[in-house]
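Source file: upload.txt; contents: compact mmCIF, C-alpha atoms.
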```txt
# COMPACT_ATOMS: atom_id res chain seq x y z
CA MET A 1 -54.53 77.07 135.86
CA HIS A 2 -56.18 73.73 135.17
CA VAL A 3 -59.13 74.70 137.33
CA LEU A 4 -59.48 78.01 135.51
CA ALA A 5 -59.29 76.25 132.13
CA SER A 6 -61.99 73.83 133.33
CA LEU A 7 -64.25 76.68 134.37
CA LEU A 8 -63.78 78.40 131.03
CA ALA A 9 -64.37 75.19 129.05
CA GLY A 10 -67.54 74.49 131.05
CA LEU A 11 -68.73 78.03 130.48
CA VAL A 12 -68.13 77.98 126.71
CA PHE A 13 -69.70 74.52 126.52
CA GLY A 14 -72.76 75.81 128.37
CA LEU A 15 -73.04 78.87 126.12
CA GLY A 16 -72.87 76.54 123.12
CA LEU A 17 -75.70 74.43 124.54
CA ILE A 18 -77.86 77.55 125.00
CA VAL A 19 -77.07 79.09 121.58
CA SER A 20 -77.63 75.78 119.77
CA GLY A 21 -81.00 75.04 121.38
CA MET A 22 -79.74 71.83 123.05
CA ALA A 23 -80.58 73.28 126.47
CA ASN A 24 -84.26 73.25 125.48
CA PRO A 25 -85.79 69.76 125.91
CA ALA A 26 -88.68 70.55 123.53
CA LYS A 27 -86.14 71.25 120.76
CA VAL A 28 -84.23 68.04 121.52
CA LEU A 29 -87.44 66.01 121.38
CA GLY A 30 -88.33 67.73 118.09
CA PHE A 31 -85.08 66.30 116.71
CA LEU A 32 -85.69 62.82 118.12
CA ASP A 33 -89.23 62.72 116.69
CA LEU A 34 -88.41 61.43 113.21
CA ALA A 35 -92.02 60.47 112.48
CA GLY A 36 -93.49 63.80 113.54
CA ALA A 37 -92.66 67.36 112.51
CA TRP A 38 -88.93 66.73 112.43
CA ASP A 39 -86.51 69.51 113.38
CA PRO A 40 -83.08 68.55 111.97
CA SER A 41 -81.24 71.38 113.81
CA LEU A 42 -79.43 69.18 116.30
CA ALA A 43 -77.71 67.25 113.53
CA LEU A 44 -76.02 70.55 112.69
CA VAL A 45 -75.07 71.09 116.34
CA MET A 46 -73.26 67.76 116.29
CA GLY A 47 -71.77 68.54 112.87
CA GLY A 48 -70.53 71.96 113.96
CA ALA A 49 -69.07 70.61 117.20
CA ILE A 50 -67.32 67.70 115.48
CA ALA A 51 -65.91 69.89 112.68
CA VAL A 52 -64.19 72.09 115.26
CA GLY A 53 -63.41 69.29 117.71
CA ALA A 54 -61.79 67.10 115.05
CA VAL A 55 -59.08 69.72 114.46
CA ALA A 56 -58.33 70.00 118.19
CA PHE A 57 -58.22 66.23 118.69
CA PHE A 58 -55.99 65.83 115.63
CA VAL A 59 -53.47 68.14 117.31
CA ALA A 60 -54.05 66.61 120.76
CA ARG A 61 -53.37 63.08 119.56
CA LYS A 62 -49.77 63.97 118.70
CA ARG A 63 -49.03 65.52 122.06
CA VAL A 64 -47.63 63.78 125.14
CA VAL A 65 -48.44 66.60 127.56
CA SER A 66 -51.16 69.22 127.40
CA LEU A 67 -50.44 72.92 126.81
CA LEU A 68 -50.62 73.39 130.60
CA GLY A 69 -48.12 70.57 131.12
CA SER A 70 -50.38 67.79 132.40
CA PRO A 71 -50.30 64.30 130.88
CA MET A 72 -52.77 63.64 128.05
CA ARG A 73 -55.51 61.40 129.37
CA LEU A 74 -57.26 60.13 126.27
CA PRO A 75 -59.34 56.95 126.56
CA THR A 76 -57.46 53.77 125.73
CA SER A 77 -60.30 51.25 125.96
CA ARG A 78 -61.28 49.78 122.61
CA ASP A 79 -63.83 47.26 123.85
CA ILE A 80 -67.17 47.27 122.13
CA ASP A 81 -69.12 45.19 124.60
CA ARG A 82 -72.44 44.72 126.33
CA ARG A 83 -71.68 47.45 128.87
CA LEU A 84 -71.05 50.06 126.19
CA VAL A 85 -74.11 49.19 124.11
CA GLY A 86 -76.47 48.38 126.99
CA GLY A 87 -75.54 51.50 128.93
CA SER A 88 -75.90 53.68 125.86
CA LEU A 89 -79.33 52.19 125.09
CA LEU A 90 -80.50 52.94 128.65
CA PHE A 91 -79.17 56.47 128.34
CA GLY A 92 -80.94 56.92 125.00
CA ILE A 93 -84.27 55.84 126.52
CA GLY A 94 -83.83 58.32 129.37
CA TRP A 95 -82.85 61.04 126.89
CA GLY A 96 -85.91 60.27 124.76
CA ILE A 97 -88.48 60.39 127.56
CA ALA A 98 -87.61 63.89 128.80
CA GLY A 99 -85.26 65.45 126.23
CA PHE A 100 -82.46 66.02 128.76
CA CYS A 101 -78.92 64.72 128.65
CA PRO A 102 -76.39 65.60 131.40
CA GLY A 103 -74.99 68.92 130.08
CA PRO A 104 -78.32 70.55 129.22
CA GLY A 105 -79.69 69.35 132.58
CA LEU A 106 -77.00 71.36 134.37
CA VAL A 107 -77.47 74.40 132.12
CA ALA A 108 -81.25 74.39 132.68
CA LEU A 109 -80.52 74.10 136.40
CA GLY A 110 -78.52 77.32 136.06
CA MET A 111 -81.60 78.89 134.46
CA GLY A 112 -83.37 78.26 137.74
CA GLU A 113 -85.66 75.54 136.40
CA MET A 114 -87.12 73.44 139.21
CA LYS A 115 -87.73 70.56 136.80
CA ALA A 116 -84.04 70.54 135.87
CA LEU A 117 -83.16 70.24 139.55
CA VAL A 118 -85.35 67.12 139.81
CA PHE A 119 -83.74 65.66 136.67
CA VAL A 120 -80.19 66.36 137.91
CA ALA A 121 -80.93 64.95 141.38
CA ALA A 122 -82.33 61.76 139.83
CA MET A 123 -79.32 61.55 137.50
CA LEU A 124 -76.94 61.79 140.47
CA ALA A 125 -78.97 59.07 142.20
CA GLY A 126 -78.65 56.91 139.07
CA MET A 127 -74.89 57.42 139.02
CA GLY A 128 -74.80 56.51 142.72
CA ILE A 129 -76.74 53.31 142.01
CA TRP A 130 -74.20 52.45 139.31
CA GLU A 131 -71.34 52.97 141.80
CA LEU A 132 -73.04 50.54 144.20
CA PHE A 133 -73.49 47.93 141.46
CA GLU A 134 -69.84 48.31 140.48
CA ALA A 135 -68.64 47.98 144.07
CA ARG A 136 -70.75 44.85 144.53
CA ALA A 137 -69.56 43.34 141.23
CA LYS A 138 -65.94 43.93 142.23
CA ALA A 139 -66.46 42.49 145.71
CA SER A 140 -67.97 39.26 144.31
CA LYS A 141 -65.07 38.69 141.92
CA MET B 142 -90.91 62.18 107.69
CA ALA B 143 -91.86 65.82 107.37
CA ILE B 144 -89.25 68.45 108.07
CA ALA B 145 -90.48 71.25 110.31
CA TRP B 146 -88.86 74.12 108.44
CA ASP B 147 -90.41 76.66 110.79
CA MET B 148 -88.53 75.07 113.72
CA PHE B 149 -85.27 74.56 111.82
CA THR B 150 -82.54 76.89 113.13
CA PRO B 151 -79.45 76.00 111.07
CA TRP B 152 -77.28 79.02 111.90
CA SER B 153 -77.72 79.05 115.65
CA ALA B 154 -77.30 75.25 115.61
CA LEU B 155 -74.00 75.51 113.74
CA ALA B 156 -72.77 78.44 115.86
CA GLY B 157 -73.72 76.71 119.12
CA GLY B 158 -72.15 73.49 117.87
CA ALA B 159 -68.93 75.34 117.03
CA LEU B 160 -68.85 76.77 120.57
CA ILE B 161 -69.26 73.25 121.96
CA GLY B 162 -66.42 72.09 119.70
CA ILE B 163 -64.22 74.99 120.87
CA ALA B 164 -64.94 74.09 124.52
CA ALA B 165 -64.13 70.40 123.98
CA GLY B 166 -61.04 71.33 121.95
CA MET B 167 -59.62 73.79 124.46
CA PHE B 168 -60.28 71.32 127.27
CA VAL B 169 -58.31 68.50 125.64
CA LEU B 170 -55.50 70.82 124.55
CA LEU B 171 -55.17 72.66 127.87
CA ASN B 172 -56.06 69.93 130.37
CA GLY B 173 -55.47 66.81 128.34
CA ARG B 174 -58.90 65.46 129.15
CA ILE B 175 -62.12 64.50 127.40
CA ALA B 176 -64.98 66.95 128.00
CA GLY B 177 -67.42 64.18 128.83
CA ILE B 178 -70.00 65.66 131.14
CA SER B 179 -71.41 62.43 132.59
CA GLY B 180 -67.86 61.29 133.39
CA ILE B 181 -66.94 64.64 134.93
CA ILE B 182 -70.00 64.51 137.21
CA GLY B 183 -69.71 60.78 137.93
CA GLY B 184 -66.07 61.13 138.97
CA LEU B 185 -67.20 63.31 141.87
CA LEU B 186 -69.12 60.47 143.49
CA LYS B 187 -65.92 58.58 144.20
CA PRO B 188 -63.35 61.35 144.05
CA ALA B 189 -59.63 60.73 143.85
CA ARG B 190 -57.18 63.14 145.49
CA GLY B 191 -56.69 66.38 143.57
CA ASP B 192 -59.51 65.40 141.27
CA VAL B 193 -62.35 67.45 142.68
CA ALA B 194 -61.58 71.12 141.92
CA TRP B 195 -61.39 70.89 138.12
CA ARG B 196 -64.57 68.79 138.00
CA MET B 197 -66.46 71.29 140.15
CA ALA B 198 -65.08 74.14 138.02
CA PHE B 199 -66.32 72.57 134.77
CA ILE B 200 -69.77 71.92 136.27
CA GLY B 201 -69.79 75.45 137.72
CA GLY B 202 -69.04 76.82 134.25
CA LEU B 203 -72.04 74.97 132.81
CA ILE B 204 -74.34 76.21 135.57
CA VAL B 205 -73.27 79.88 135.32
CA ALA B 206 -73.46 79.85 131.50
CA PRO B 207 -77.10 81.07 131.51
CA LEU B 208 -76.15 84.00 133.76
CA VAL B 209 -73.29 84.99 131.47
CA TYR B 210 -75.52 84.57 128.41
CA ALA B 211 -78.13 86.84 130.03
CA LEU B 212 -75.53 89.61 130.27
CA MET B 213 -75.18 89.60 126.49
CA ALA B 214 -78.63 88.69 125.17
CA VAL B 215 -82.13 87.73 126.24
CA LEU B 216 -81.97 84.24 127.69
CA PRO B 217 -84.36 81.82 125.97
CA SER B 218 -86.46 79.88 128.47
CA PRO B 219 -86.47 76.11 128.04
CA GLN B 220 -89.70 74.25 127.42
CA ILE B 221 -89.82 71.21 129.71
CA ASP B 222 -93.05 69.30 129.04
CA ALA B 223 -92.19 66.20 131.06
CA GLY B 224 -93.78 65.93 134.50
CA TYR B 225 -91.82 65.36 137.70
CA GLY B 226 -92.28 61.59 137.72
CA THR B 227 -91.10 61.32 134.13
CA LEU B 228 -88.09 63.53 134.90
CA MET B 229 -87.14 61.30 137.81
CA ALA B 230 -87.31 58.18 135.66
CA ALA B 231 -85.38 59.96 132.90
CA GLY B 232 -82.70 61.14 135.31
CA LEU B 233 -82.22 57.67 136.78
CA LEU B 234 -81.90 56.09 133.32
CA VAL B 235 -79.50 58.80 132.14
CA GLY B 236 -77.41 58.46 135.31
CA ILE B 237 -77.13 54.67 135.22
CA GLY B 238 -76.87 54.44 131.43
CA THR B 239 -74.15 57.03 130.92
CA ARG B 240 -71.93 55.53 133.63
CA TYR B 241 -72.49 51.98 132.42
CA GLY B 242 -71.85 53.03 128.81
CA SER B 243 -68.90 55.31 129.80
CA GLY B 244 -70.27 58.48 128.25
CA CYS B 245 -73.06 60.64 126.94
CA THR B 246 -73.73 63.08 124.12
CA SER B 247 -70.59 65.07 124.97
CA GLY B 248 -68.01 62.36 125.70
CA HIS B 249 -69.08 59.88 123.01
CA GLY B 250 -71.10 62.10 120.68
CA VAL B 251 -68.84 65.15 120.43
CA CYS B 252 -65.37 64.15 121.67
CA GLY B 253 -65.48 60.48 120.65
CA LEU B 254 -66.68 61.15 117.11
CA SER B 255 -64.20 64.05 116.80
CA ARG B 256 -61.35 61.63 117.45
CA LEU B 257 -62.88 58.91 115.26
CA SER B 258 -63.28 56.42 118.10
CA PRO B 259 -65.10 53.27 116.89
CA ARG B 260 -66.28 52.69 120.46
CA SER B 261 -67.92 56.12 120.60
CA LEU B 262 -69.46 55.63 117.17
CA VAL B 263 -71.18 52.47 118.42
CA ALA B 264 -72.28 54.20 121.65
CA THR B 265 -73.61 57.24 119.78
CA ALA B 266 -75.50 55.05 117.30
CA ALA B 267 -77.00 53.14 120.25
CA PHE B 268 -78.21 56.13 122.26
CA MET B 269 -79.47 57.97 119.19
CA ALA B 270 -81.39 54.89 118.05
CA ALA B 271 -82.82 54.40 121.54
CA GLY B 272 -83.81 58.09 121.64
CA PHE B 273 -85.56 57.89 118.25
CA VAL B 274 -87.41 54.69 119.18
CA THR B 275 -88.41 56.03 122.62
CA VAL B 276 -89.87 59.25 121.21
CA PHE B 277 -91.63 57.28 118.48
CA ALA B 278 -93.14 54.93 121.05
CA ILE B 279 -94.26 57.76 123.35
CA ARG B 280 -95.63 60.12 120.72
CA HIS B 281 -96.94 57.81 118.02
CA LEU B 282 -97.74 54.47 119.69
CA LEU B 283 -98.86 55.62 123.13
CA ASN B 284 -100.01 59.01 121.78
CA VAL B 285 -98.86 60.86 124.87
```
For this file, write the structure as structure tokens.
Amino acid sequence: MHVLASLLAGLVFGLGLIVSGMANPAKVLGFLDLAGAWDPSLALVMGGAIAVGAVAFFVARKRVVSLLGSPMRLPTSRDIDRRLVGGSLLFGIGWGIAGFCPGPGLVALGMGEMKALVFVAAMLAGMGIWELFEARAKASK
Amino acid sequence: MAIAWDMFTPWSALAGGALIGIAAGMFVLLNGRIAGISGIIGGLLKPARGDVAWRMAFIGGLIVAPLVYALMAVLPSPQIDAGYGTLMAAGLLVGIGTRYGSGCTSGHGVCGLSRLSPRSLVATAAFMAAGFVTVFAIRHLLNV
């Protein structure tokens, strides 16, 4: 059941990315280009998602197990540190140069876009590089 | 700042955003997890036991979404102006950055802000600011 719920959540998420325009890098860059002809649409995507999500997370916070009976695994870390900010800055630069973040990259891959395949492959390589750094950092401790 | 009213699509943005919120909401309520896409993908690189199927299913759902959409309406084709070299650099930065910063637009931006996480607010402010500055630098300083 959990796997089915995952599939459905991924599917609805992907449909949302397509409907909203987030799966189109040109539209994303139009939002990030404050000094150009600015397209504010993506602010409404975030707003719409958060308005609905906030209700679900308000309910989720009070639960000990999920509706399917698994433990709730909500993040517990509260550290605002160099990793959080530095990593997010790097991500933002990558997002700004091509207009792709992880979800839209996968959706565009499903559209059969060769360029999305290159982006996703490079993203996986980047995540692999991070794993190597982490393993090395742990080994030297 | 000049708003491009001809590009502005408020209703589809809100509707698509609501779908994203429904997906994140059903995922946390049913599976008890954060729908953070970079984390879901990243967790596959060093998989724990019993931790692979649901991740693959979520990713599969994202990838088949265009096919399902095409059954109902005409699928819009994305406009990807970046060249292959740029896409490689972008992918590497997104991969390293999202893992180092523990999240992306979905985990921090949608789920984190929905649950009022101060950590996610800082992360979202950081990647949005970096995105704005990067596009400004590329389009208006380098004139690419």
**Who sits within 10 Å of Arg196 in chain B, all atoms listed in the file, same chain under 2 positions skipped, as a list in words** = Val3, Ser6, Leu7 and Gly10 of chain A; Ile178, Gly180, Ile181, Ile182, Gly183, Gly184, Leu185, Pro188, Gly191, Asp192, Val193, Ala194, Ala198, Phe199, Ile200, Gly201 and Gly202 of chain B
**Test item: which residues lie within 7 Å of (-85.6, 76.2, 118.4) counting only C-alpha atoms, as an MDAnalysis selection string** = (chainID A and resid 21 27) or (chainID B and resid 148:150)
Write the residues of the preceding selection, restricted to C-alpha atoms, as a PDB file, in the frame of the given file.
```pdb
ATOM      1  CA  GLY A  21     -81.000  75.040 121.380  1.00  0.00           C
ATOM      2  CA  LYS A  27     -86.140  71.250 120.760  1.00  0.00           C
TER       3      LYS A  27
ATOM      4  CA  MET B 148     -88.530  75.070 113.720  1.00  0.00           C
ATOM      5  CA  PHE B 149     -85.270  74.560 111.820  1.00  0.00           C
ATOM      6  CA  THR B 150     -82.540  76.890 113.130  1.00  0.00           C
TER       7      THR B 150
END
```
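Summary of the local environment: counting all atoms listed in the file, residues at most 12 Å from Ala125 in chain A, other than itself and those fewer than 6 positions away along its chain, are Val118, Phe119, Glu131 and Leu132 of chain A; Ile182, Gly183, Leu186, Met229, Ala230, Ala231, Gly232, Leu233, Leu234, Val235, Gly236, Ile237, Gly238 and Arg240 of chain B.
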**Protein/DNA/RNA residues near (-80.0, 71.6, 130.0), cut 7 Å, only C-alpha atoms, as a ChimeraX atom specification** = /A:22-24,100,103-109
**Asked** For His281 in chain B, which of A:Gly112, A:Gly128, A:Gly36, A:Gly30 is the closest residue, counting only C-alpha atoms?
**Response** A:Gly36
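With CA of Ala26 in chain A on one side and CA of Leu84 in chain A on the other, the separation reads 27.2 Å.
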**Message:** When you look at range 255-268 of chain B with a cut-off of 9 Å (counting only C-alpha atoms), what residues show up, excluding the ones that are within fewer than 2 positions of it in the same chain? I need them as an MDAnalysis selection string.
**Reply:** (chainID A and resid 49:58 61 77:80 84:93 95) or (chainID B and resid 162 242:246 248:253 270:273)
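For the residues B:Met269, B:Ile279, B:Ile204, B:Ala165, ranking by smallest atom-to-atom distance to Ala43 in chain A using all atoms listed in the file places B:Met269 first.
Atom pair CA of His2 in chain A / CA of Thr239 in chain B has a distance of 24.9 Å (rounded to one decimal).
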**Request:** Go through A:Ala9, A:Ala116, A:Ala137, A:Val28 and flag the residue nearest chain B, using only C-alpha atoms for the distances.
**Result:** A:Ala9
**Message:** When you look at Ile144 in chain B with a cut-off of 12 Å (counting all atoms listed in the file), what residues show up, excluding the ones that are within fewer than 2 positions of it in the same chain? I need them as a list in words.
**Reply:** Gly30, Phe31, Asp33, Leu34, Ala35, Gly36, Ala37, Trp38, Asp39, Pro40 and Ser41 of chain A; Met142, Trp146, Asp147, Met148, Phe149 and Thr150 of chain B
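Restricting the calculation to all atoms listed in the file, the smallest distance between Val19 in chain A and any of B:Tyr225, B:Phe277, B:Phe168, B:Tyr210 is found for B:Tyr210.
Note that the spacing between CA of Val120 in chain A and CA of Leu228 in chain B amounts to 8.9 Å.
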**Message:** Please determine, counting all atoms listed in the file, which residue among B:Val285, B:Ala176, B:Ala189, B:Ala159 has the shortest atom-to-atom distance to chain A.
**Reply:** B:Ala159
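Of the residues listed (B:Leu282, B:Leu171, B:Ile163, B:Ala156), B:Leu171 shows the shortest atom-to-atom separation from Pro71 in chain A; distances use all atoms listed in the file.
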Working from the structure I just supplied, which lacks atoms in range 174-199 of chain B, can you model N, CA and C atoms there and output them as a PDB file, in the coordinates of the input?
```pdb
ATOM      1  N   ARG B 174     -57.788  66.341 128.795  1.00  0.00           N
ATOM      2  CA  ARG B 174     -58.900  65.460 129.150  1.00  0.00           C
ATOM      3  C   ARG B 174     -60.055  65.564 128.165  1.00  0.00           C
ATOM      4  N   ILE B 175     -60.903  64.533 128.213  1.00  0.00           N
ATOM      5  CA  ILE B 175     -62.120  64.500 127.400  1.00  0.00           C
ATOM      6  C   ILE B 175     -63.213  65.292 128.122  1.00  0.00           C
ATOM      7  N   ALA B 176     -63.866  66.209 127.406  1.00  0.00           N
ATOM      8  CA  ALA B 176     -64.980  66.950 128.000  1.00  0.00           C
ATOM      9  C   ALA B 176     -66.239  66.100 127.944  1.00  0.00           C
ATOM     10  N   GLY B 177     -66.251  65.062 128.759  1.00  0.00           N
ATOM     11  CA  GLY B 177     -67.420  64.180 128.830  1.00  0.00           C
ATOM     12  C   GLY B 177     -68.164  64.508 130.119  1.00  0.00           C
ATOM     13  N   ILE B 178     -69.351  65.084 129.963  1.00  0.00           N
ATOM     14  CA  ILE B 178     -70.000  65.660 131.140  1.00  0.00           C
ATOM     15  C   ILE B 178     -70.441  64.599 132.142  1.00  0.00           C
ATOM     16  N   SER B 179     -70.988  63.464 131.641  1.00  0.00           N
ATOM     17  CA  SER B 179     -71.410  62.430 132.590  1.00  0.00           C
ATOM     18  C   SER B 179     -70.204  61.897 133.372  1.00  0.00           C
ATOM     19  N   GLY B 180     -69.069  61.773 132.714  1.00  0.00           N
ATOM     20  CA  GLY B 180     -67.860  61.290 133.390  1.00  0.00           C
ATOM     21  C   GLY B 180     -67.331  62.299 134.399  1.00  0.00           C
ATOM     22  N   ILE B 181     -67.424  63.581 134.033  1.00  0.00           N
ATOM     23  CA  ILE B 181     -66.940  64.640 134.930  1.00  0.00           C
ATOM     24  C   ILE B 181     -67.791  64.670 136.211  1.00  0.00           C
ATOM     25  N   ILE B 182     -69.109  64.528 136.039  1.00  0.00           N
ATOM     26  CA  ILE B 182     -70.000  64.510 137.210  1.00  0.00           C
ATOM     27  C   ILE B 182     -69.788  63.216 138.003  1.00  0.00           C
ATOM     28  N   GLY B 183     -69.790  62.092 137.283  1.00  0.00           N
ATOM     29  CA  GLY B 183     -69.710  60.780 137.930  1.00  0.00           C
ATOM     30  C   GLY B 183     -68.427  60.627 138.754  1.00  0.00           C
ATOM     31  N   GLY B 184     -67.345  61.234 138.264  1.00  0.00           N
ATOM     32  CA  GLY B 184     -66.070  61.130 138.970  1.00  0.00           C
ATOM     33  C   GLY B 184     -66.097  61.793 140.343  1.00  0.00           C
ATOM     34  N   LEU B 185     -67.093  62.634 140.573  1.00  0.00           N
ATOM     35  CA  LEU B 185     -67.200  63.310 141.870  1.00  0.00           C
ATOM     36  C   LEU B 185     -67.788  62.404 142.950  1.00  0.00           C
ATOM     37  N   LEU B 186     -68.468  61.338 142.507  1.00  0.00           N
ATOM     38  CA  LEU B 186     -69.120  60.470 143.490  1.00  0.00           C
ATOM     39  C   LEU B 186     -68.109  59.597 144.211  1.00  0.00           C
ATOM     40  N   LYS B 187     -66.965  59.390 143.562  1.00  0.00           N
ATOM     41  CA  LYS B 187     -65.920  58.580 144.200  1.00  0.00           C
ATOM     42  C   LYS B 187     -64.602  59.293 143.907  1.00  0.00           C
ATOM     43  N   PRO B 188     -64.435  60.471 144.488  1.00  0.00           N
ATOM     44  CA  PRO B 188     -63.350  61.350 144.050  1.00  0.00           C
ATOM     45  C   PRO B 188     -61.955  60.858 144.462  1.00  0.00           C
ATOM     46  N   ALA B 189     -61.026  61.001 143.533  1.00  0.00           N
ATOM     47  CA  ALA B 189     -59.630  60.730 143.850  1.00  0.00           C
ATOM     48  C   ALA B 189     -59.006  62.041 144.333  1.00  0.00           C
ATOM     49  N   ARG B 190     -57.869  61.941 144.991  1.00  0.00           N
ATOM     50  CA  ARG B 190     -57.180  63.140 145.490  1.00  0.00           C
ATOM     51  C   ARG B 190     -56.823  64.086 144.358  1.00  0.00           C
ATOM     52  N   GLY B 191     -57.061  65.383 144.570  1.00  0.00           N
ATOM     53  CA  GLY B 191     -56.690  66.380 143.570  1.00  0.00           C
ATOM     54  C   GLY B 191     -57.557  66.329 142.326  1.00  0.00           C
ATOM     55  N   ASP B 192     -58.690  65.654 142.442  1.00  0.00           N
ATOM     56  CA  ASP B 192     -59.510  65.400 141.270  1.00  0.00           C
ATOM     57  C   ASP B 192     -60.860  66.092 141.366  1.00  0.00           C
ATOM     58  N   VAL B 193     -61.036  66.875 142.415  1.00  0.00           N
ATOM     59  CA  VAL B 193     -62.350  67.450 142.680  1.00  0.00           C
ATOM     60  C   VAL B 193     -62.494  68.857 142.084  1.00  0.00           C
ATOM     61  N   ALA B 194     -61.463  69.696 142.273  1.00  0.00           N
ATOM     62  CA  ALA B 194     -61.580  71.120 141.920  1.00  0.00           C
ATOM     63  C   ALA B 194     -61.888  71.331 140.437  1.00  0.00           C
ATOM     64  N   TRP B 195     -61.153  70.658 139.551  1.00  0.00           N
ATOM     65  CA  TRP B 195     -61.390  70.890 138.120  1.00  0.00           C
ATOM     66  C   TRP B 195     -62.761  70.381 137.703  1.00  0.00           C
ATOM     67  N   ARG B 196     -63.221  69.285 138.335  1.00  0.00           N
ATOM     68  CA  ARG B 196     -64.570  68.790 138.000  1.00  0.00           C
ATOM     69  C   ARG B 196     -65.637  69.794 138.418  1.00  0.00           C
ATOM     70  N   MET B 197     -65.496  70.303 139.655  1.00  0.00           N
ATOM     71  CA  MET B 197     -66.460  71.290 140.150  1.00  0.00           C
ATOM     72  C   MET B 197     -66.422  72.548 139.278  1.00  0.00           C
ATOM     73  N   ALA B 198     -65.216  72.930 138.839  1.00  0.00           N
ATOM     74  CA  ALA B 198     -65.080  74.140 138.020  1.00  0.00           C
ATOM     75  C   ALA B 198     -65.816  73.971 136.691  1.00  0.00           C
ATOM     76  N   PHE B 199     -65.661  72.802 136.059  1.00  0.00           N
ATOM     77  CA  PHE B 199     -66.320  72.570 134.770  1.00  0.00           C
ATOM     78  C   PHE B 199     -67.844  72.622 134.958  1.00  0.00           C
TER      79      PHE B 199
END
```
